[in-house]
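These notes are about the structure you will find just below.
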Amino acid sequence: MSLLDVTHLDVRFALRKGDVKALRDVSFSLDRGERLGIVGESGAGKSVAAFTLLNLIAKPGYIAGGSICFDGQELIGRSDRSLRHIRGHRISMIFQDPMMTLNPVLSIGEQMVECLKAHRRISTHEARAISLHKLVQVQIPSPEARLDQYPHELSGGMRQRVIIAIALLLDPDIIIADEPTTALDVTIQAEIMALLLSLCEKHNVGLILITHDLGVVSQVTQRMLVMYAGRVIEDGPTREIINDPQHPYTQGLMNALPQMATPGSHLNQIPGSMPSLDNLPSGCAFHPRCHFVTRPDGQHRQACKEQVPDFVTSGNCRVACHMVADMLGYERIPAEEITQ
Amino acid sequence: MNSMSPSLSRWSRFRDSYLLYSFKRDLIAQLSLVIFILLLAAAVLAPWLAPTNPYDLAQIDLLASELPPFWIEGSDDAYLLGTDAQGRDLLSTILYGARVSLIIGFGAVALQATLGVCFGLLAGYLGGRIDAFLMRLADIQLSFSTLMVAIVVGALVKAIFGGDTFGAYAVPLLVLIIGLAEWPQYARTVRASVLAEKSKEYVDAARVMGLPSRRIMFRHILPNTLSPIFVISTVQVANAIISEAALSFLGLGMPETQPSLGSLIKSGFDYLQSGSWWITLIPGAALVVLVLVINLLGDWLRDVLNPRLYKG
């Protein structure tokens with residue numbers, strides 16, 4: 001059994017006009033020390049998935065079904081009090097914007113000591129020593145001085161290092177990184193990603209990396225999920241998906257990379273934009289933008305418009321697409337029967 | 001920076017702050033602070049500064065009643081600001097009275113702030129039914145005016161326990177009445193700030209760290225909502241002093257034997273027509289100056305702490 005098993009996770013937001021399905025039937029697993037990337041456009045449900053893992057989705061969101069099994073324990077339905085021992089302690093999280101994640105009125109040291117003391121019975125002195133040790137690990141310049149500094153005195157890159165240090169404070173099993181480098185400039189991005197990767201490898205920490213940067217995913221992760229409109233549409237080893245994407249959406253994402261375009265020509269973008277979650281198209285949510293369906297040769301496919309595609313396996317990957325299933329000559333297998 | 005001790009760097013941080021910078025350029029704020037500190041010091045040091053002790057009946061000379069202040073003919077050099085109808089030295093009585101007024105003002109505000117901050121934090125952070133309940137409670141409370149509540153409670157206590165008991169516990173009772181009547185001001189402001197702070201990522205981060213809600217509320221959110229709390233506090237101290245004066249004027253505040261500024265004004269009111277105007281007007285002027293400087297300081301603080309006006 002894996003360290004983290006998420007199966008058929010279903011998250012909804014209860015709005016006045018009805019439930020909005022933010023996550024539908026999301027399943028994945030993570031082994032100890034494994035690194036998983038979750039990729040998708042804005043609004044695909046990546047961050048909701050991350051917050052759901054720690055049972056932190058805010059009202060009106062709620063978990064409508066599925067299970068999150070961490071180290072043999074079911075997390076869904078547990079009280080806030082018992083989840084507190086997992087949050088920060090066994091699963092920690094790194095947020096997108098380092099400018100906003102640290103409390104502006106508390107010094108770095110105070111915030112780190114507080115986190116340690118919330119989970120362990122140790123003296124402030126010991127906690128400071130551990131904090132300092134972690135700051136050294138994230139290679140921050142003059143770590144001792146940082147303990148007494150306030151967030152506004154640090155640069156963005158340094159703050160993200162502090163945040164990584166806080167995430168590592170209690171030696172967690174899993175770190176969830178929600179677009180950890182989006183708010184940083186490109187040179188710092190590479191440094192921070194390399195740091196995160198080396199620390200995860202060194203301490204055998206699992207990493208769930210949420211991003212829309214395919215380059216980062218391909219460098220850092222071993223497996224990846226592609227999400228679209230709240231569903232996982234492709235899932236498999238990162239290398240295989242990057243080299244040979246099966247789902248037309250993933251293909252579109254790969255083709256849209258600037259590296260794939262001929263210099264001087266327009267970038268190959270996917271036409272249209274992601275549907276709003278409260279007004280999903282019938283059948284495959286991607287069909288209005290899918291080039292198989294909208295192709296001018298008139299090859300309209302009824303199945304794509306009417307039926308939500310099940311997963312089919314293609315190599316080591318799972319793909320939810322009628323076209324791929326037909327082209328590969330697979331008979332459709334319901335998602336439940338696929339074992340990893 | 002590294003070699004400095006924390007207290008030194010805190011001092012240097014204050015020295016470089018926008019707060020001090022704007023204070024140095026604001027003459028009104030400087031004047032107000034000086035006057036406020038003088039009044040505060042005079043009130044605190046009243047037992048040593050005052051020529052007589054107005055609480056000590058042995059020092060009161062009835063024959064020396066209604067003497068005018070020093071610049072008017074017929075005054076006695078022993079009584080700089082004259083005497084009241086019972087022969088108490090007005091200067092001493094004002095010093096002691098300012099003391100009572102300030103104690104009630106600050107005490108009531110401390111009570112209001114404690115209640116209001118706790119309720120506001122709970123309402124804003126927990127939301128839902130607790131929020132609805134606390135805020136409706138605040139609405140109900142606000143729909144009664146402070147004075148009305150105070151008059152009803154004061155009159156009831158006086159009627160049930162008698163004037164003597166009321167006199168003995170007048171200070172804590174007034175603190176309680178004024179404090180309980182005004183907490184919604186704090187609760188509403190704190191709740192609004194908490195709602196704004198709650199959506200910031202550092203709160204999510206604190207929850208992800210597994211910190212308990214109580215800690216997130218008091219250690220993470222509260223310090224970020226302090227500036228509006230400071231600003232209201234100055235206004236509320238002035239309001240509380242005025243409320244106390246009004247209650248005393250109506251005879252429901254401090255008893256004549258241990259007068260506050262308000263009850264001094266009242267005690268002189270009956271003699272206004274007979275020409276002894278100083279018994280009312282001098283404590284009145286002291287009250288006006290005290291409230292005015294507190295309000296001016298509050299205005300300055302509000303300008304400094306308002307992020308929209310902040311250009312530092």
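Identifiers in the structure tokens: chain A, B, ... in order shown; residue index from 1 per chain; ligand index from 1 in order shown.
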
Could you write out as a ChimeraX atom specification the residues of chain A within 7 Å of chain B, counting only C-alpha atoms? /A:84-85,87-88,92-93,100-103,105,115,118,145

DSSP on the backbone, then: every residue of range 81-303 of chain B marked alpha helix (DSSP H), written as a ChimeraX atom specification. /B:90-126,128-143,146-168,170-198,201-208,213-215,226-249,261-269,278-303

Quick one: residues within 7 Å of Phe70 in chain A, only C-alpha atoms, excluding same-chain residues fewer than 6 positions away - as a ChimeraX atom specification? /A:3-5

Need to verify the contact set: Arg35 in chain A, 10 Å, only C-alpha atoms, exclusion of same-chain residues closer than 2 positions in sequence. Can you return it as an mmCIF file with N, CA and C atoms, in the first residue's frame?
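Saved as result03.cif:
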data_model
loop_
_atom_site.group_PDB
_atom_site.id
_atom_site.type_symbol
_atom_site.label_atom_id
_atom_site.label_comp_id
_atom_site.auth_asym_id
_atom_site.auth_seq_id
_atom_site.Cartn_x
_atom_site.Cartn_y
_atom_site.Cartn_z
ATOM 1 N N LEU A 30 0.631 8.045 -3.833
ATOM 2 C CA LEU A 30 1.992 8.558 -3.704
ATOM 3 C C LEU A 30 2.753 7.639 -2.763
ATOM 4 N N ASP A 31 3.907 7.158 -3.217
ATOM 5 C CA ASP A 31 4.738 6.326 -2.356
ATOM 6 C C ASP A 31 5.681 7.202 -1.555
ATOM 7 N N ARG A 32 6.265 6.615 -0.536
ATOM 8 C CA ARG A 32 7.258 7.327 0.264
ATOM 9 C C ARG A 32 8.389 7.815 -0.641
ATOM 10 N N GLY A 33 8.678 9.094 -0.563
ATOM 11 C CA GLY A 33 9.791 9.617 -1.332
ATOM 12 C C GLY A 33 9.501 9.832 -2.807
ATOM 13 N N GLY A 37 3.613 15.214 -9.969
ATOM 14 C CA GLY A 37 3.227 16.537 -10.450
ATOM 15 C C GLY A 37 1.745 16.555 -10.783
ATOM 16 N N ILE A 174 5.279 14.100 3.559
ATOM 17 C CA ILE A 174 4.874 14.635 2.260
ATOM 18 C C ILE A 174 4.889 16.162 2.330
ATOM 19 N N ILE A 175 5.386 16.779 1.272
ATOM 20 C CA ILE A 175 5.243 18.225 1.130
ATOM 21 C C ILE A 175 4.360 18.471 -0.083
ATOM 22 N N ILE A 176 3.335 19.299 0.119
ATOM 23 C CA ILE A 176 2.510 19.694 -1.019
ATOM 24 C C ILE A 176 2.975 21.087 -1.421
ATOM 25 N N LEU A 197 14.077 19.986 -4.721
ATOM 26 C CA LEU A 197 14.336 18.633 -5.215
ATOM 27 C C LEU A 197 15.416 17.950 -4.389
ATOM 28 N N CYS A 200 14.162 17.083 -0.886
ATOM 29 C CA CYS A 200 13.215 15.968 -0.888
ATOM 30 C C CYS A 200 13.960 14.654 -1.084
ATOM 31 N N GLU A 201 14.950 14.658 -1.966
ATOM 32 C CA GLU A 201 15.711 13.429 -2.197
ATOM 33 C C GLU A 201 16.500 13.046 -0.956
ATOM 34 N N ASN A 204 14.165 11.904 1.807
ATOM 35 C CA ASN A 204 13.168 10.928 1.373
ATOM 36 C C ASN A 204 11.746 11.418 1.655
ATOM 37 N N VAL A 205 11.504 12.664 1.280
ATOM 38 C CA VAL A 205 10.189 13.259 1.489
ATOM 39 C C VAL A 205 9.410 13.168 0.180
ATOM 40 N N GLY A 206 8.143 12.764 0.271
ATOM 41 C CA GLY A 206 7.287 12.759 -0.906
ATOM 42 C C GLY A 206 6.917 14.181 -1.283
ATOM 43 N N LEU A 207 6.758 14.435 -2.569
ATOM 44 C CA LEU A 207 6.441 15.790 -3.002
ATOM 45 C C LEU A 207 5.256 15.745 -3.952
ATOM 46 N N ILE A 208 4.257 16.568 -3.670
ATOM 47 C CA ILE A 208 3.181 16.746 -4.637
ATOM 48 C C ILE A 208 3.345 18.156 -5.169
ATOM 49 N N LEU A 209 3.707 18.253 -6.422
ATOM 50 C CA LEU A 209 4.029 19.551 -7.001
ATOM 51 C C LEU A 209 2.880 19.976 -7.896
ATOM 52 N N VAL A 217 7.732 20.319 -14.096
ATOM 53 C CA VAL A 217 7.224 18.975 -13.821
ATOM 54 C C VAL A 217 8.154 17.932 -14.426
ATOM 55 N N VAL A 220 11.392 17.617 -12.298
ATOM 56 C CA VAL A 220 11.369 17.293 -10.879
ATOM 57 C C VAL A 220 10.635 15.993 -10.570
ATOM 58 N N THR A 221 9.544 15.713 -11.289
ATOM 59 C CA THR A 221 8.659 14.648 -10.826
ATOM 60 C C THR A 221 8.889 13.334 -11.556
ATOM 61 N N GLN A 222 8.448 12.264 -10.899
ATOM 62 C CA GLN A 222 8.522 10.945 -11.514
ATOM 63 C C GLN A 222 7.199 10.565 -12.158
ATOM 64 N N ARG A 223 6.095 10.997 -11.513
ATOM 65 C CA ARG A 223 4.788 10.720 -12.106
ATOM 66 C C ARG A 223 4.013 12.015 -12.182
ATOM 67 N N MET A 224 3.039 12.069 -13.086
ATOM 68 C CA MET A 224 2.243 13.284 -13.175
ATOM 69 C C MET A 224 0.783 12.985 -13.502
ATOM 70 N N THR A 238 5.997 10.606 -15.681
ATOM 71 C CA THR A 238 6.191 11.908 -16.289
ATOM 72 C C THR A 238 6.863 11.807 -17.652
#

Taking 6 positions as the minimum chain separation for residues in the same chain, which residues sit within 7 Å of Ala22 in chain A when counting only C-alpha atoms? Answer as JSON, numbers by chain. {"A": [11, 12, 13, 45, 230, 277]}

Apply DSSP to the backbone of this structure and, from range 127-296 of chain A, keep only the residues in strand (DSSP E); write these as a list in words.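 Assigned to strand (DSSP E), within range 127-296 of chain A: Ile174, Ile175, Ile176, Ala177, Asp178, Gly206, Leu207, Ile208, Leu209, Ile210, Thr211, Arg223, Met224, Leu225, Val226, Met227, Tyr228, Arg231, Val232, Ile233, Glu234, Asp235, Gly236 and Pro237 of chain A.
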
Selected residues written out with N, CA and C atoms, as an mmCIF file, in the first residue's frame:
data_model
loop_
_atom_site.group_PDB
_atom_site.id
_atom_site.type_symbol
_atom_site.label_atom_id
_atom_site.label_comp_id
_atom_site.auth_asym_id
_atom_site.auth_seq_id
_atom_site.Cartn_x
_atom_site.Cartn_y
_atom_site.Cartn_z
ATOM 1 N N ILE A 174 5.279 14.100 3.559
ATOM 2 C CA ILE A 174 4.874 14.635 2.260
ATOM 3 C C ILE A 174 4.889 16.162 2.330
ATOM 4 N N ILE A 175 5.386 16.779 1.272
ATOM 5 C CA ILE A 175 5.243 18.225 1.130
ATOM 6 C C ILE A 175 4.360 18.471 -0.083
ATOM 7 N N ILE A 176 3.335 19.299 0.119
ATOM 8 C CA ILE A 176 2.510 19.694 -1.019
ATOM 9 C C ILE A 176 2.975 21.087 -1.421
ATOM 10 N N ALA A 177 3.440 21.241 -2.641
ATOM 11 C CA ALA A 177 3.928 22.545 -3.081
ATOM 12 C C ALA A 177 2.967 23.076 -4.132
ATOM 13 N N ASP A 178 2.228 24.131 -3.760
ATOM 14 C CA ASP A 178 1.228 24.686 -4.670
ATOM 15 C C ASP A 178 1.865 25.839 -5.444
ATOM 16 N N GLY A 206 8.143 12.764 0.271
ATOM 17 C CA GLY A 206 7.287 12.759 -0.906
ATOM 18 C C GLY A 206 6.917 14.181 -1.283
ATOM 19 N N LEU A 207 6.758 14.435 -2.569
ATOM 20 C CA LEU A 207 6.441 15.790 -3.002
ATOM 21 C C LEU A 207 5.256 15.745 -3.952
ATOM 22 N N ILE A 208 4.257 16.568 -3.670
ATOM 23 C CA ILE A 208 3.181 16.746 -4.637
ATOM 24 C C ILE A 208 3.345 18.156 -5.169
ATOM 25 N N LEU A 209 3.707 18.253 -6.422
ATOM 26 C CA LEU A 209 4.029 19.551 -7.001
ATOM 27 C C LEU A 209 2.880 19.976 -7.896
ATOM 28 N N ILE A 210 2.244 21.074 -7.513
ATOM 29 C CA ILE A 210 1.121 21.573 -8.299
ATOM 30 C C ILE A 210 1.618 22.741 -9.117
ATOM 31 N N THR A 211 1.451 22.691 -10.410
ATOM 32 C CA THR A 211 2.039 23.729 -11.226
ATOM 33 C C THR A 211 1.369 23.752 -12.586
ATOM 34 N N ARG A 223 6.095 10.997 -11.513
ATOM 35 C CA ARG A 223 4.788 10.720 -12.106
ATOM 36 C C ARG A 223 4.013 12.015 -12.182
ATOM 37 N N MET A 224 3.039 12.069 -13.086
ATOM 38 C CA MET A 224 2.243 13.284 -13.175
ATOM 39 C C MET A 224 0.783 12.985 -13.502
ATOM 40 N N LEU A 225 -0.070 13.931 -13.069
ATOM 41 C CA LEU A 225 -1.487 13.890 -13.405
ATOM 42 C C LEU A 225 -1.779 15.127 -14.237
ATOM 43 N N VAL A 226 -2.597 14.983 -15.248
ATOM 44 C CA VAL A 226 -3.072 16.158 -15.967
ATOM 45 C C VAL A 226 -4.544 16.324 -15.607
ATOM 46 N N MET A 227 -4.899 17.507 -15.151
ATOM 47 C CA MET A 227 -6.295 17.735 -14.748
ATOM 48 C C MET A 227 -6.963 18.709 -15.694
ATOM 49 N N TYR A 228 -8.243 18.463 -15.915
ATOM 50 C CA TYR A 228 -9.032 19.381 -16.738
ATOM 51 C C TYR A 228 -10.433 19.448 -16.166
ATOM 52 N N ARG A 231 -11.356 17.004 -13.362
ATOM 53 C CA ARG A 231 -11.118 15.568 -13.513
ATOM 54 C C ARG A 231 -9.671 15.319 -13.894
ATOM 55 N N VAL A 232 -9.202 14.127 -13.523
ATOM 56 C CA VAL A 232 -7.902 13.700 -14.030
ATOM 57 C C VAL A 232 -8.148 13.139 -15.419
ATOM 58 N N ILE A 233 -7.403 13.622 -16.430
ATOM 59 C CA ILE A 233 -7.624 13.095 -17.771
ATOM 60 C C ILE A 233 -6.450 12.252 -18.255
ATOM 61 N N GLU A 234 -5.295 12.450 -17.622
ATOM 62 C CA GLU A 234 -4.179 11.609 -18.005
ATOM 63 C C GLU A 234 -3.280 11.460 -16.795
ATOM 64 N N ASP A 235 -2.705 10.286 -16.640
ATOM 65 C CA ASP A 235 -2.003 9.960 -15.410
ATOM 66 C C ASP A 235 -0.950 8.921 -15.752
ATOM 67 N N GLY A 236 0.293 9.154 -15.380
ATOM 68 C CA GLY A 236 1.318 8.153 -15.678
ATOM 69 C C GLY A 236 2.700 8.669 -15.384
ATOM 70 N N PRO A 237 3.736 7.902 -15.746
ATOM 71 C CA PRO A 237 5.099 8.360 -15.537
ATOM 72 C C PRO A 237 5.351 9.642 -16.332
#

For CA of Leu257 in chain A and CA of Ala183 in chain A, the interatomic separation in Å (one decimal):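 Value for the CA of Leu257 in chain A-CA of Ala183 in chain A distance: 19.8 Å.
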
Which residues come within 12 Å of Val235 in chain B, counting only C-alpha atoms, excluding same-chain residues fewer than 6 positions away, as a list of chain:residue names? B:Gly105, B:Phe106, B:Val109, B:Glu182, B:Gln185, B:Tyr186, B:Pro228, B:Ile229, B:Ile241, B:Ile242, B:Leu290, B:Val291, B:Leu292, B:Val293, B:Ile294, B:Asn295, B:Leu296, B:Leu297, B:Gly298, B:Asp299, B:Trp300, B:Leu301, B:Arg302

Written selection (N, CA and C atoms) as a PDB file, in the first residue's frame:
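New file result_37.pdb:
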ATOM      1  N   GLY B 105     -12.354  56.250  32.657  1.00  0.00           N
ATOM      2  CA  GLY B 105     -12.193  56.245  31.200  1.00  0.00           C
ATOM      3  C   GLY B 105     -11.358  55.075  30.725  1.00  0.00           C
ATOM      4  N   PHE B 106     -10.170  54.922  31.304  1.00  0.00           N
ATOM      5  CA  PHE B 106      -9.280  53.847  30.848  1.00  0.00           C
ATOM      6  C   PHE B 106      -9.811  52.475  31.247  1.00  0.00           C
ATOM      7  N   VAL B 109     -12.575  51.504  28.930  1.00  0.00           N
ATOM      8  CA  VAL B 109     -12.076  51.165  27.600  1.00  0.00           C
ATOM      9  C   VAL B 109     -11.364  49.812  27.626  1.00  0.00           C
ATOM     10  N   GLU B 182     -20.470  49.692  25.554  1.00  0.00           N
ATOM     11  CA  GLU B 182     -19.827  50.154  24.328  1.00  0.00           C
ATOM     12  C   GLU B 182     -19.019  49.096  23.595  1.00  0.00           C
ATOM     13  N   GLN B 185     -18.745  48.604  19.485  1.00  0.00           N
ATOM     14  CA  GLN B 185     -17.874  49.430  18.634  1.00  0.00           C
ATOM     15  C   GLN B 185     -16.621  48.656  18.261  1.00  0.00           C
ATOM     16  N   TYR B 186     -16.014  48.035  19.286  1.00  0.00           N
ATOM     17  CA  TYR B 186     -14.805  47.255  19.043  1.00  0.00           C
ATOM     18  C   TYR B 186     -15.116  46.006  18.232  1.00  0.00           C
ATOM     19  N   PRO B 228      -6.529  49.712  13.801  1.00  0.00           N
ATOM     20  CA  PRO B 228      -7.861  50.276  14.069  1.00  0.00           C
ATOM     21  C   PRO B 228      -8.241  50.218  15.543  1.00  0.00           C
ATOM     22  N   ILE B 229      -7.768  49.186  16.247  1.00  0.00           N
ATOM     23  CA  ILE B 229      -8.099  49.086  17.677  1.00  0.00           C
ATOM     24  C   ILE B 229      -7.515  50.276  18.437  1.00  0.00           C
ATOM     25  N   ILE B 241     -15.021  59.059  29.233  1.00  0.00           N
ATOM     26  CA  ILE B 241     -14.901  60.147  30.210  1.00  0.00           C
ATOM     27  C   ILE B 241     -16.140  61.036  30.145  1.00  0.00           C
ATOM     28  N   ILE B 242     -16.590  61.301  28.909  1.00  0.00           N
ATOM     29  CA  ILE B 242     -17.782  62.140  28.752  1.00  0.00           C
ATOM     30  C   ILE B 242     -19.009  61.430  29.320  1.00  0.00           C
ATOM     31  N   LEU B 290      -9.159  67.967  28.445  1.00  0.00           N
ATOM     32  CA  LEU B 290      -8.761  66.557  28.515  1.00  0.00           C
ATOM     33  C   LEU B 290      -9.335  65.773  27.336  1.00  0.00           C
ATOM     34  N   VAL B 291     -10.627  65.921  27.093  1.00  0.00           N
ATOM     35  CA  VAL B 291     -11.277  65.179  26.009  1.00  0.00           C
ATOM     36  C   VAL B 291     -10.744  65.640  24.657  1.00  0.00           C
ATOM     37  N   LEU B 292     -10.528  66.959  24.541  1.00  0.00           N
ATOM     38  CA  LEU B 292     -10.061  67.494  23.260  1.00  0.00           C
ATOM     39  C   LEU B 292      -8.683  66.941  22.901  1.00  0.00           C
ATOM     40  N   VAL B 293      -7.748  66.936  23.865  1.00  0.00           N
ATOM     41  CA  VAL B 293      -6.404  66.471  23.496  1.00  0.00           C
ATOM     42  C   VAL B 293      -6.428  64.980  23.176  1.00  0.00           C
ATOM     43  N   ILE B 294      -7.251  64.223  23.884  1.00  0.00           N
ATOM     44  CA  ILE B 294      -7.326  62.794  23.561  1.00  0.00           C
ATOM     45  C   ILE B 294      -7.865  62.614  22.147  1.00  0.00           C
ATOM     46  N   ASN B 295      -8.899  63.367  21.805  1.00  0.00           N
ATOM     47  CA  ASN B 295      -9.463  63.253  20.462  1.00  0.00           C
ATOM     48  C   ASN B 295      -8.475  63.695  19.389  1.00  0.00           C
ATOM     49  N   LEU B 296      -7.731  64.778  19.670  1.00  0.00           N
ATOM     50  CA  LEU B 296      -6.754  65.242  18.680  1.00  0.00           C
ATOM     51  C   LEU B 296      -5.664  64.196  18.473  1.00  0.00           C
ATOM     52  N   LEU B 297      -5.232  63.578  19.580  1.00  0.00           N
ATOM     53  CA  LEU B 297      -4.235  62.514  19.455  1.00  0.00           C
ATOM     54  C   LEU B 297      -4.799  61.352  18.632  1.00  0.00           C
ATOM     55  N   GLY B 298      -6.059  61.037  18.881  1.00  0.00           N
ATOM     56  CA  GLY B 298      -6.696  59.959  18.135  1.00  0.00           C
ATOM     57  C   GLY B 298      -6.769  60.274  16.653  1.00  0.00           C
ATOM     58  N   ASP B 299      -7.088  61.522  16.333  1.00  0.00           N
ATOM     59  CA  ASP B 299      -7.140  61.950  14.927  1.00  0.00           C
ATOM     60  C   ASP B 299      -5.802  61.774  14.251  1.00  0.00           C
ATOM     61  N   TRP B 300      -4.761  62.195  14.954  1.00  0.00           N
ATOM     62  CA  TRP B 300      -3.425  62.096  14.393  1.00  0.00           C
ATOM     63  C   TRP B 300      -3.069  60.627  14.172  1.00  0.00           C
ATOM     64  N   LEU B 301      -3.374  59.811  15.180  1.00  0.00           N
ATOM     65  CA  LEU B 301      -3.057  58.382  15.090  1.00  0.00           C
ATOM     66  C   LEU B 301      -3.802  57.750  13.919  1.00  0.00           C
ATOM     67  N   ARG B 302      -5.047  58.146  13.729  1.00  0.00           N
ATOM     68  CA  ARG B 302      -5.836  57.574  12.648  1.00  0.00           C
ATOM     69  C   ARG B 302      -5.212  57.930  11.297  1.00  0.00           C
TER      70      ARG B 302
END

Leaving out range 273-287 of chain B and any residue of its chain fewer than 6 positions from it, which residues lie within 9 Å of it when counting only C-alpha atoms, given as a PyMOL selection string? chain B and resi 39+66-69+81-85+90-91+93-94+97-98+101+241-242+245+261-262+264-267

Atoms kept (C-alpha atoms) for selection, written as a compact mmCIF listing (two decimals), in the first residue's frame:
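As a result, out19.txt now contains:
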# COMPACT_ATOMS: atom_id res chain seq x y z
CA LEU B 39 -2.89 66.27 32.84
CA GLU B 66 -17.55 79.76 47.55
CA LEU B 67 -14.29 81.70 47.53
CA PRO B 68 -13.44 82.93 44.02
CA PRO B 69 -10.23 82.06 42.11
CA LEU B 81 -8.78 78.30 42.04
CA GLY B 82 -11.23 79.15 44.75
CA THR B 83 -13.47 76.78 46.71
CA ASP B 84 -16.77 75.06 46.11
CA ALA B 85 -19.96 75.34 48.10
CA LEU B 90 -11.18 73.57 43.82
CA LEU B 91 -7.67 72.87 42.48
CA THR B 93 -10.75 68.61 43.87
CA ILE B 94 -10.11 68.96 40.13
CA GLY B 97 -11.57 64.44 40.04
CA ALA B 98 -9.45 64.13 36.90
CA SER B 101 -12.39 60.44 35.45
CA ILE B 241 -14.90 60.15 30.21
CA ILE B 242 -17.78 62.14 28.75
CA ALA B 245 -19.30 63.06 33.37
CA LEU B 261 -15.00 66.11 36.94
CA GLY B 262 -18.62 65.43 36.05
CA LEU B 264 -17.92 68.66 40.27
CA ILE B 265 -19.62 70.34 37.34
CA LYS B 266 -22.94 69.25 38.73
CA SER B 267 -22.21 70.39 42.27

Between CA of Ile140 in chain A and CA of Arg159 in chain A, distance in Å (one decimal): 9.4 Å
